[in-house]
file run-v9.cif (mmCIF, C-alpha atoms and all ligand atoms)
data_structure
loop_
_atom_site.label_atom_id
_atom_site.label_comp_id
_atom_site.auth_asym_id
_atom_site.auth_seq_id
_atom_site.Cartn_x
_atom_site.Cartn_y
_atom_site.Cartn_z
CA MET A 1 131.92 -65.31 115.41
CA SER A 2 134.12 -64.40 118.39
CA ARG A 3 136.79 -61.80 117.77
CA ILE A 4 139.89 -63.26 116.17
CA ILE A 5 143.03 -61.21 115.61
CA ALA A 6 145.40 -62.96 113.19
CA ILE A 7 149.05 -61.89 113.25
CA ASP A 8 151.35 -63.37 110.64
CA GLY A 9 154.84 -62.64 109.45
CA PRO A 10 158.39 -63.95 109.28
CA ALA A 11 160.61 -64.97 112.22
CA ALA A 12 161.65 -62.28 114.72
CA ALA A 13 159.49 -59.53 113.20
CA GLY A 14 157.94 -58.76 116.60
CA LYS A 15 154.74 -60.82 116.26
CA GLY A 16 154.95 -62.54 119.63
CA THR A 17 155.47 -59.43 121.73
CA LEU A 18 152.77 -57.60 119.82
CA ALA A 19 150.31 -60.51 120.04
CA LYS A 20 150.72 -60.70 123.84
CA ARG A 21 150.11 -57.00 124.26
CA LEU A 22 147.09 -56.98 121.98
CA ALA A 23 145.64 -59.97 123.81
CA ALA A 24 145.99 -58.19 127.17
CA HIS A 25 144.56 -54.98 125.73
CA PHE A 26 141.49 -56.58 124.20
CA GLY A 27 141.02 -59.17 126.98
CA LEU A 28 141.52 -62.13 124.64
CA PRO A 29 143.52 -65.35 125.09
CA HIS A 30 146.77 -65.59 123.10
CA LEU A 31 148.19 -68.54 121.21
CA ASP A 32 151.74 -68.53 119.85
CA THR A 33 151.17 -71.13 117.14
CA GLY A 34 154.91 -71.57 116.54
CA LEU A 35 154.92 -73.45 119.85
CA LEU A 36 152.72 -76.15 118.31
CA TYR A 37 155.32 -76.84 115.63
CA ARG A 38 158.17 -76.59 118.13
CA ALA A 39 156.48 -79.01 120.55
CA THR A 40 155.73 -81.42 117.71
CA GLY A 41 159.37 -81.35 116.62
CA ARG A 42 160.49 -81.84 120.21
CA ARG A 43 158.26 -84.90 120.64
CA VAL A 44 159.81 -86.47 117.55
CA LEU A 45 163.34 -85.75 118.79
CA ASP A 46 162.52 -87.17 122.23
CA ALA A 47 161.45 -90.43 120.62
CA GLY A 48 164.65 -90.54 118.56
CA GLY A 49 162.69 -90.03 115.31
CA ASN A 50 163.33 -87.97 112.21
CA PRO A 51 161.33 -84.68 112.14
CA ALA A 52 161.35 -84.76 108.32
CA ASP A 53 159.50 -88.09 108.22
CA PRO A 54 155.82 -87.32 107.51
CA ALA A 55 154.26 -90.31 109.32
CA THR A 56 156.37 -89.87 112.46
CA ALA A 57 155.83 -86.11 112.58
CA ALA A 58 152.08 -86.34 111.96
CA ALA A 59 151.71 -88.92 114.75
CA ALA A 60 153.58 -86.58 117.10
CA ALA A 61 151.31 -83.67 116.09
CA ARG A 62 148.20 -85.77 116.78
CA ALA A 63 149.57 -86.80 120.18
CA LEU A 64 150.30 -83.22 121.25
CA GLN A 65 148.99 -82.23 124.70
CA PRO A 66 148.44 -78.67 125.94
CA ASP A 67 151.21 -79.23 128.55
CA ASP A 68 153.73 -79.75 125.75
CA LEU A 69 153.46 -76.05 124.91
CA ALA A 70 154.82 -75.11 128.34
CA ARG A 71 158.04 -77.11 127.97
CA ALA A 72 161.23 -75.19 128.69
CA ASP A 73 163.17 -76.72 125.78
CA LEU A 74 161.20 -75.37 122.81
CA ARG A 75 163.72 -72.64 121.87
CA GLY A 76 167.27 -73.02 120.62
CA PRO A 77 168.74 -74.37 117.39
CA GLU A 78 167.69 -78.02 117.76
CA ALA A 79 164.02 -77.25 118.42
CA ASP A 80 164.12 -74.50 115.77
CA ASN A 81 165.33 -76.87 113.14
CA ALA A 82 162.92 -79.67 114.05
CA ALA A 83 160.02 -77.17 114.04
CA ALA A 84 160.90 -75.93 110.53
CA GLN A 85 161.02 -79.54 109.30
CA VAL A 86 157.69 -80.66 110.77
CA ALA A 87 156.04 -77.39 109.66
CA ALA A 88 156.70 -78.27 106.01
CA ILE A 89 154.64 -81.50 106.27
CA PRO A 90 150.97 -81.11 105.20
CA ALA A 91 149.73 -83.90 107.54
CA VAL A 92 151.29 -82.09 110.51
CA ARG A 93 149.62 -78.82 109.55
CA ALA A 94 146.28 -80.59 109.14
CA ALA A 95 146.63 -82.27 112.56
CA LEU A 96 147.29 -78.90 114.25
CA LEU A 97 144.43 -77.07 112.56
CA ASP A 98 141.69 -78.23 114.94
CA PHE A 99 143.67 -77.24 118.02
CA GLN A 100 144.15 -73.73 116.66
CA ARG A 101 140.55 -73.32 115.56
CA SER A 102 139.04 -74.59 118.77
CA PHE A 103 141.38 -72.35 120.77
CA GLY A 104 139.76 -69.29 119.20
CA ARG A 105 136.23 -70.53 118.75
CA THR A 106 134.55 -69.81 122.06
CA GLN A 107 136.15 -66.73 123.56
CA GLY A 108 137.94 -65.32 120.54
CA ALA A 109 141.72 -65.02 120.53
CA VAL A 110 144.88 -63.41 119.27
CA LEU A 111 146.92 -65.97 117.33
CA ASP A 112 150.36 -65.38 115.85
CA GLY A 113 152.07 -67.52 113.25
CA ARG A 114 152.56 -67.81 109.51
CA ASP A 115 149.18 -68.92 108.12
CA ILE A 116 146.62 -67.66 110.63
CA GLY A 117 144.99 -65.11 108.31
CA THR A 118 145.30 -67.29 105.21
CA ILE A 119 144.39 -70.80 106.40
CA VAL A 120 143.54 -71.12 110.09
CA PHE A 121 141.14 -68.17 110.33
CA PRO A 122 140.56 -66.74 106.84
CA ASP A 123 137.49 -64.94 108.27
CA ALA A 124 139.39 -63.37 111.19
CA THR A 125 137.99 -60.10 112.52
CA ALA A 126 141.31 -58.37 111.83
CA LYS A 127 144.61 -59.42 110.29
CA LEU A 128 148.06 -57.91 110.61
CA PHE A 129 151.10 -58.89 108.55
CA VAL A 130 154.15 -57.93 110.58
CA THR A 131 157.50 -57.60 108.84
CA ALA A 132 160.94 -56.04 109.39
CA SER A 133 164.20 -56.02 107.47
CA VAL A 134 166.40 -59.10 107.75
CA ALA A 135 169.08 -57.01 109.52
CA ALA A 136 166.62 -55.72 112.13
CA ARG A 137 165.25 -59.21 112.76
CA GLY A 138 168.74 -60.67 113.05
CA GLN A 139 169.63 -58.01 115.64
CA ARG A 140 166.48 -58.73 117.63
CA ARG A 141 166.94 -62.48 117.69
CA TRP A 142 170.61 -61.99 118.65
CA ARG A 143 169.66 -59.67 121.52
CA GLU A 144 167.03 -62.15 122.74
CA LEU A 145 169.66 -64.88 122.80
CA GLN A 146 172.10 -62.63 124.67
CA ALA A 147 169.43 -61.76 127.20
CA ARG A 148 168.93 -65.48 127.80
CA GLY A 149 172.67 -65.92 128.31
CA VAL A 150 173.15 -67.86 125.04
CA ALA A 151 176.38 -66.96 123.25
CA ALA A 152 175.65 -66.34 119.57
CA ASP A 153 177.21 -64.72 116.54
CA LEU A 154 175.16 -61.92 114.95
CA GLU A 155 176.13 -62.94 111.40
CA ALA A 156 175.15 -66.55 112.01
CA VAL A 157 171.84 -65.58 113.62
CA THR A 158 171.04 -63.29 110.68
CA ALA A 159 171.97 -66.00 108.19
CA LEU A 160 169.58 -68.40 109.92
CA ILE A 161 166.75 -65.86 109.70
CA ARG A 162 167.44 -65.58 105.98
CA GLU A 163 167.35 -69.36 105.64
CA ARG A 164 164.04 -69.59 107.57
CA ASP A 165 162.55 -66.90 105.29
CA ALA A 166 163.52 -68.90 102.22
CA GLN A 167 162.12 -72.13 103.71
CA ALA A 168 158.84 -70.52 104.76
CA ALA A 169 158.32 -68.88 101.36
CA ALA A 170 159.30 -71.92 99.32
CA ARG A 171 157.47 -74.71 101.10
CA ALA A 172 154.48 -76.15 99.26
CA ALA A 173 152.39 -76.50 102.43
CA ALA A 174 151.08 -73.14 103.65
CA PRO A 175 153.89 -70.92 102.34
CA LEU A 176 154.24 -67.60 104.15
CA VAL A 177 152.13 -65.11 102.19
CA GLN A 178 150.27 -62.00 103.23
CA ALA A 179 146.48 -62.44 103.15
CA PRO A 180 144.93 -59.98 100.69
CA ASP A 181 142.95 -58.34 103.51
CA ALA A 182 145.84 -58.24 106.04
CA LEU A 183 147.13 -54.83 107.11
CA PRO A 184 150.92 -54.52 106.74
CA LEU A 185 152.98 -53.36 109.70
CA ASP A 186 156.73 -52.85 109.14
CA THR A 187 158.51 -52.79 112.49
CA THR A 188 162.06 -52.17 111.20
CA ASP A 189 162.25 -48.74 112.84
CA LEU A 190 159.72 -49.32 115.61
CA ASP A 191 160.32 -50.52 119.15
CA ALA A 192 157.74 -52.65 120.99
CA ASP A 193 155.77 -49.63 122.27
CA ALA A 194 155.65 -47.94 118.87
CA THR A 195 154.68 -51.23 117.22
CA PHE A 196 151.81 -51.66 119.68
CA ALA A 197 150.61 -48.08 119.15
CA ARG A 198 150.70 -48.49 115.37
CA ALA A 199 148.84 -51.81 115.58
CA LEU A 200 146.07 -50.21 117.65
CA GLU A 201 145.72 -47.49 115.02
CA LEU A 202 145.52 -50.07 112.25
CA LEU A 203 143.02 -52.21 114.15
CA SER A 204 140.80 -49.43 115.41
CA ASP A 205 138.46 -49.55 112.43
CA ARG A 206 137.76 -53.22 112.90
CA LEU A 207 137.97 -53.60 116.65
CA GLY A 208 137.32 -50.19 118.10
CA THR A 209 138.63 -49.45 121.56
CA PRO A 210 138.25 -52.08 124.29
CA ALA A 211 135.76 -51.73 127.12
CA ARG A 212 137.75 -50.90 130.25
O1 LIG B 1 157.30 -68.54 115.08
P1 LIG B 1 158.27 -69.64 115.45
O2 LIG B 1 159.70 -69.33 115.08
O3 LIG B 1 158.16 -70.08 116.87
O4 LIG B 1 157.83 -70.89 114.53
C1 LIG B 1 158.47 -72.13 114.62
C2 LIG B 1 158.41 -72.83 113.28
O5 LIG B 1 157.07 -73.18 112.95
C3 LIG B 1 158.95 -72.02 112.11
O6 LIG B 1 159.74 -72.88 111.30
C4 LIG B 1 157.71 -71.58 111.36
C5 LIG B 1 156.68 -72.63 111.70
N1 LIG B 1 155.32 -72.11 111.84
C6 LIG B 1 154.43 -72.35 110.83
O7 LIG B 1 154.78 -72.96 109.83
N2 LIG B 1 153.13 -71.93 110.94
C7 LIG B 1 152.73 -71.25 112.03
N3 LIG B 1 151.46 -70.86 112.12
C8 LIG B 1 153.64 -70.98 113.08
C9 LIG B 1 154.94 -71.40 112.94
#

call {"tool": "encode", "arguments": {"input": "run-v9.cif", "output": "structure tokens"}}
result
Amino acid sequence: MSRIIAIDGPAAAGKGTLAKRLAAHFGLPHLDTGLLYRATGRRVLDAGGNPADPATAAAAARALQPDDLARADLRGPEADNAAAQVAAIPAVRAALLDFQRSFGRTQGAVLDGRDIGTIVFPDATAKLFVTASVAARGQRRWRELQARGVAADLEAVTALIRERDAQAAARAAAPLVQAPDALPLDTTDLDADATFARALELLSDRLGTPAR
């Protein structure tokens, strides 16, 4: 099988930044799988539908096109909320499974999400489970919003992270759990560089160092 690096963990733990850097380092394509759920939610909203309705959301997931992932309106509270709703629907998750698996099948890939190591690629070459305290994740998300010029309240951002954690852990379809063979990486006290360095250490047994 091609090399698959699975990176799972809760919102704003640093998965995306880490996944991009690992992909560049190992010369693998990267897929942010959260975008699939965001784009599905966005399609439903565009059509005036309800993201919590299973039939509507599953049809939107099946109709997803690669271009949808490049849309500029996939971040922000509305898309966030719609994504969390569609992500709880089993038929949506099933519809997005093929896309994720075929993305990694030929060349290998780094994929980040919530269920990559448990469901999408249970046989991944290497799996990381990236976490950080709620306070650290709230701070990060808040800083990201500030950097994008979006006014936001730190308390409210942190409360939303807490709510997303509860939703992701409680949902019946693919709840967020650490795969038994995933290596834990707590980024609470690590910046992006230190997180990357630690990840390379953790992965070195399974992936070695890349050919340069
Ligand atoms: O990582 P993110 O915030 O962009 O994810 C958006 C939503 O999709 C979030 O509610 C979690 C969900 N998601 C999921 O259920 N499974 C994945 N593999 C990726 C994201």

call {"tool": "closest_atom_pairs", "arguments": {"input": "run-v9.cif", "of": "chain A", "to": "ligand LIG 1 (chain B)", "cutoff": "9 Å", "atoms": "only C-alpha atoms and all ligand atoms", "output": "CSV"}}
result
residue,atom,partner,partner_atom,distance
A:Asp8,CA,B:LIG1,N3,7.6
A:Gly9,CA,B:LIG1,O1,8.5
A:Pro10,CA,B:LIG1,O1,7.5
A:Ala11,CA,B:LIG1,O2,5.3
A:Ala12,CA,B:LIG1,O2,7.3
A:Lys15,CA,B:LIG1,O1,8.2
A:Gly16,CA,B:LIG1,O1,7.9
A:Asp32,CA,B:LIG1,O3,7.2
A:Thr33,CA,B:LIG1,C8,4.8
A:Gly34,CA,B:LIG1,O3,3.6
A:Leu35,CA,B:LIG1,O3,5.5
A:Leu36,CA,B:LIG1,C8,7.4
A:Tyr37,CA,B:LIG1,O5,4.9
A:Arg38,CA,B:LIG1,C1,5.7
A:Leu74,CA,B:LIG1,O3,8.5
A:Arg75,CA,B:LIG1,O3,7.9
A:Ala79,CA,B:LIG1,C1,8.5
A:Asp80,CA,B:LIG1,C1,6.2
A:Asn81,CA,B:LIG1,O6,7.1
A:Ala82,CA,B:LIG1,O6,8.0
A:Ala83,CA,B:LIG1,C2,4.7
A:Ala84,CA,B:LIG1,O6,3.4
A:Gln85,CA,B:LIG1,O6,7.1
A:Val86,CA,B:LIG1,O5,7.8
A:Ala87,CA,B:LIG1,O7,4.6
A:Ala88,CA,B:LIG1,O7,6.8
A:Arg93,CA,B:LIG1,O7,7.8
A:Leu111,CA,B:LIG1,N3,8.5
A:Asp112,CA,B:LIG1,N3,6.7
A:Gly113,CA,B:LIG1,N3,3.6
A:Arg114,CA,B:LIG1,N3,4.2
A:Asp115,CA,B:LIG1,N3,5.0
A:Ile116,CA,B:LIG1,N3,6.0
A:Val120,CA,B:LIG1,N3,8.2
A:Arg164,CA,B:LIG1,O6,6.6
A:Asp165,CA,B:LIG1,O6,8.9
A:Gln167,CA,B:LIG1,O6,8.0
A:Ala168,CA,B:LIG1,C4,6.8
A:Ala173,CA,B:LIG1,O7,8.5
A:Ala174,CA,B:LIG1,O7,7.2
A:Pro175,CA,B:LIG1,O7,7.8
A:Leu176,CA,B:LIG1,O7,7.8

call {"tool": "closest_residue", "arguments": {"input": "run-v9.cif", "among": "A:Leu160, A:Ala109, A:Asp67, A:Arg101", "to": "Phe26 (chain A)", "atoms": "only C-alpha atoms"}}
result
A:Ala109

call {"tool": "closest_residue", "arguments": {"input": "run-v9.cif", "among": "A:Glu163, A:Glu144, A:Asp153, A:Asp181", "to": "Gly117 (chain A)", "atoms": "all atoms listed in the file"}}
result
A:Asp181

call {"tool": "residues_near_point", "arguments": {"input": "run-v9.cif", "point": "(154.7, -88.1, 112.9)", "cutoff": "10 Å", "atoms": "all atoms listed in the file", "output": "list in words"}}
result
Thr40, Gly41, Arg43, Val44, Gly49, Asn50, Pro51, Ala52, Asp53, Pro54, Ala55, Thr56, Ala57, Ala58, Ala59, Ala60, Ala61, Arg62, Ala63, Val86, Ile89, Ala91, Val92 and Ala95 of chain A

call {"tool": "closest_residue", "arguments": {"input": "run-v9.cif", "among": "A:Val130, A:Leu145, A:Ala169, A:Pro90", "to": "Arg198 (chain A)", "atoms": "all atoms listed in the file"}}
result
A:Val130

call {"tool": "atom_distance", "arguments": {"input": "run-v9.cif", "atom1": "CA of Gly27 (chain A)", "atom2": "CA of Phe121 (chain A)"}}
result
18.9 Å

call {"tool": "atom_distance", "arguments": {"input": "run-v9.cif", "atom1": "CA of Phe129 (chain A)", "atom2": "CA of Leu22 (chain A)"}}
result
14.1 Å

call {"tool": "atom_distance", "arguments": {"input": "run-v9.cif", "atom1": "CA of Pro184 (chain A)", "atom2": "CA of Thr17 (chain A)"}}
result
16.4 Å

call {"tool": "closest_residue", "arguments": {"input": "run-v9.cif", "among": "A:Asp193, A:Arg171, A:Ala182, A:Val157", "to": "Trp142 (chain A)", "atoms": "all atoms listed in the file"}}
result
A:Val157

call {"tool": "residues_around", "arguments": {"input": "run-v9.cif", "residues": "Leu18 (chain A)", "least_positions_apart": "4", "cutoff": "8 Å", "atoms": "all atoms listed in the file", "output": "list in words"}}
result
Gly14, Leu22, Ala192, Thr195 and Phe196 of chain A

call {"tool": "write_last_selection", "arguments": {"input": "run-v9.cif", "atoms": "C-alpha atoms", "output": "tab-separated table (two decimals), in the coordinates of the input"}}
result
chain	number	residue	atom	x	y	z
A	14	GLY	CA	157.94	-58.76	116.60
A	22	LEU	CA	147.09	-56.98	121.98
A	192	ALA	CA	157.74	-52.65	120.99
A	195	THR	CA	154.68	-51.23	117.22
A	196	PHE	CA	151.81	-51.66	119.68

call {"tool": "closest_residue", "arguments": {"input": "run-v9.cif", "among": "A:Ile161, A:Ala172, A:Ala70, A:Ala194", "to": "Ala135 (chain A)", "atoms": "all atoms listed in the file"}}
result
A:Ile161

call {"tool": "decode", "arguments": {"input": "run-v9.cif", "residues": "region 91-206 of chain A", "atoms": "C-alpha atoms", "output": "short mmCIF file (atom, residue, chain, number, x, y, z; two decimals), in the first residue's frame"}}
result
data_model
loop_
_atom_site.label_atom_id
_atom_site.label_comp_id
_atom_site.auth_asym_id
_atom_site.auth_seq_id
_atom_site.Cartn_x
_atom_site.Cartn_y
_atom_site.Cartn_z
CA ALA A 91 -25.08 8.47 4.87
CA VAL A 92 -22.95 11.61 4.43
CA ARG A 93 -19.92 9.90 5.95
CA ALA A 94 -20.45 6.86 3.73
CA ALA A 95 -20.73 9.06 0.61
CA LEU A 96 -17.42 10.80 1.43
CA LEU A 97 -15.50 7.62 2.17
CA ASP A 98 -14.66 6.76 -1.45
CA PHE A 99 -13.33 10.24 -2.18
CA GLN A 100 -10.98 10.03 0.80
CA ARG A 101 -9.81 6.51 0.04
CA SER A 102 -9.17 7.13 -3.63
CA PHE A 103 -7.30 10.33 -2.78
CA GLY A 104 -4.70 8.29 -0.90
CA ARG A 105 -4.72 5.11 -2.92
CA THR A 106 -2.28 5.77 -5.74
CA GLN A 107 0.38 8.13 -4.47
CA GLY A 108 -0.15 7.87 -0.74
CA ALA A 109 -1.20 10.93 1.26
CA VAL A 110 -1.38 12.81 4.51
CA LEU A 111 -5.01 13.14 5.59
CA ASP A 112 -6.24 15.07 8.61
CA GLY A 113 -9.65 14.76 10.21
CA ARG A 114 -11.47 12.92 12.97
CA ASP A 115 -11.78 9.32 11.76
CA ILE A 116 -8.87 8.82 9.36
CA GLY A 117 -7.00 6.31 11.51
CA THR A 118 -10.14 4.57 12.77
CA ILE A 119 -12.40 4.33 9.71
CA VAL A 120 -11.00 5.81 6.50
CA PHE A 121 -7.54 4.21 6.66
CA PRO A 122 -7.42 1.77 9.58
CA ASP A 123 -4.28 0.26 7.98
CA ALA A 124 -2.49 3.61 7.62
CA THR A 125 1.31 3.49 7.64
CA ALA A 126 1.40 5.86 10.62
CA LYS A 127 -1.22 7.53 12.79
CA LEU A 128 -0.99 10.58 15.01
CA PHE A 129 -3.65 11.74 17.46
CA VAL A 130 -3.12 15.45 17.98
CA THR A 131 -4.64 17.14 21.02
CA ALA A 132 -4.27 20.32 23.08
CA SER A 133 -6.10 21.80 26.05
CA VAL A 134 -9.40 23.55 25.36
CA ALA A 135 -7.86 26.88 26.46
CA ALA A 136 -4.92 26.53 24.05
CA ARG A 137 -7.21 25.58 21.18
CA GLY A 138 -9.56 28.46 21.92
CA GLN A 139 -6.61 30.88 21.86
CA ARG A 140 -5.40 29.48 18.54
CA ARG A 141 -8.76 29.65 16.83
CA TRP A 142 -9.24 33.20 18.18
CA ARG A 143 -5.84 34.28 16.84
CA GLU A 144 -6.61 32.74 13.45
CA LEU A 145 -9.84 34.72 13.30
CA GLN A 146 -8.05 37.92 14.29
CA ALA A 147 -5.42 37.33 11.62
CA ARG A 148 -8.23 37.06 9.07
CA GLY A 149 -9.71 40.33 10.31
CA VAL A 150 -12.76 38.66 11.89
CA ALA A 151 -13.78 40.25 15.19
CA ALA A 152 -14.37 37.52 17.78
CA ASP A 153 -14.65 37.08 21.52
CA LEU A 154 -12.13 34.67 23.06
CA GLU A 155 -14.68 33.28 25.55
CA ALA A 156 -17.22 32.63 22.82
CA VAL A 157 -14.64 30.98 20.55
CA THR A 158 -13.50 28.75 23.42
CA ALA A 159 -17.09 27.84 24.27
CA LEU A 160 -17.68 26.80 20.66
CA ILE A 161 -14.60 24.55 20.72
CA ARG A 162 -16.00 22.92 23.85
CA GLU A 163 -19.35 22.42 22.14
CA ARG A 164 -17.68 20.88 19.04
CA ASP A 165 -15.72 18.50 21.30
CA ALA A 166 -18.92 17.34 22.95
CA GLN A 167 -20.65 16.90 19.57
CA ALA A 168 -17.75 14.99 18.05
CA ALA A 169 -17.43 12.66 21.04
CA ALA A 170 -21.16 12.04 21.44
CA ARG A 171 -22.26 11.45 17.87
CA ALA A 172 -23.16 7.88 17.00
CA ALA A 173 -21.55 8.05 13.54
CA ALA A 174 -17.75 7.93 13.74
CA PRO A 175 -17.29 9.55 17.16
CA LEU A 176 -13.89 11.11 17.72
CA VAL A 177 -11.74 8.41 19.35
CA GLN A 178 -8.04 7.72 19.28
CA ALA A 179 -7.15 4.61 17.27
CA PRO A 180 -5.42 2.06 19.51
CA ASP A 181 -2.27 2.25 17.37
CA ALA A 182 -2.22 6.07 17.02
CA LEU A 183 0.67 7.96 18.61
CA PRO A 184 -0.51 10.80 20.87
CA LEU A 185 0.89 14.28 20.35
CA ASP A 186 -0.17 16.99 22.83
CA THR A 187 0.53 20.42 21.34
CA THR A 188 -0.65 22.54 24.30
CA ASP A 189 2.85 23.87 24.95
CA LEU A 190 4.27 23.45 21.45
CA ASP A 191 4.36 25.95 18.62
CA ALA A 192 4.11 24.84 14.97
CA ASP A 193 7.86 24.20 14.63
CA ALA A 194 8.08 22.20 17.85
CA THR A 195 4.96 20.23 16.89
CA PHE A 196 6.50 19.36 13.53
CA ALA A 197 9.80 18.30 15.13
CA ARG A 198 8.00 16.11 17.65
CA ALA A 199 5.86 14.53 14.93
CA LEU A 200 8.96 13.64 12.91
CA GLU A 201 10.44 11.97 15.99
CA LEU A 202 7.25 10.01 16.57
CA LEU A 203 6.98 8.98 12.92
CA SER A 204 10.61 8.13 12.34
CA ASP A 205 10.19 4.47 13.27
CA ARG A 206 7.45 3.95 10.74
#
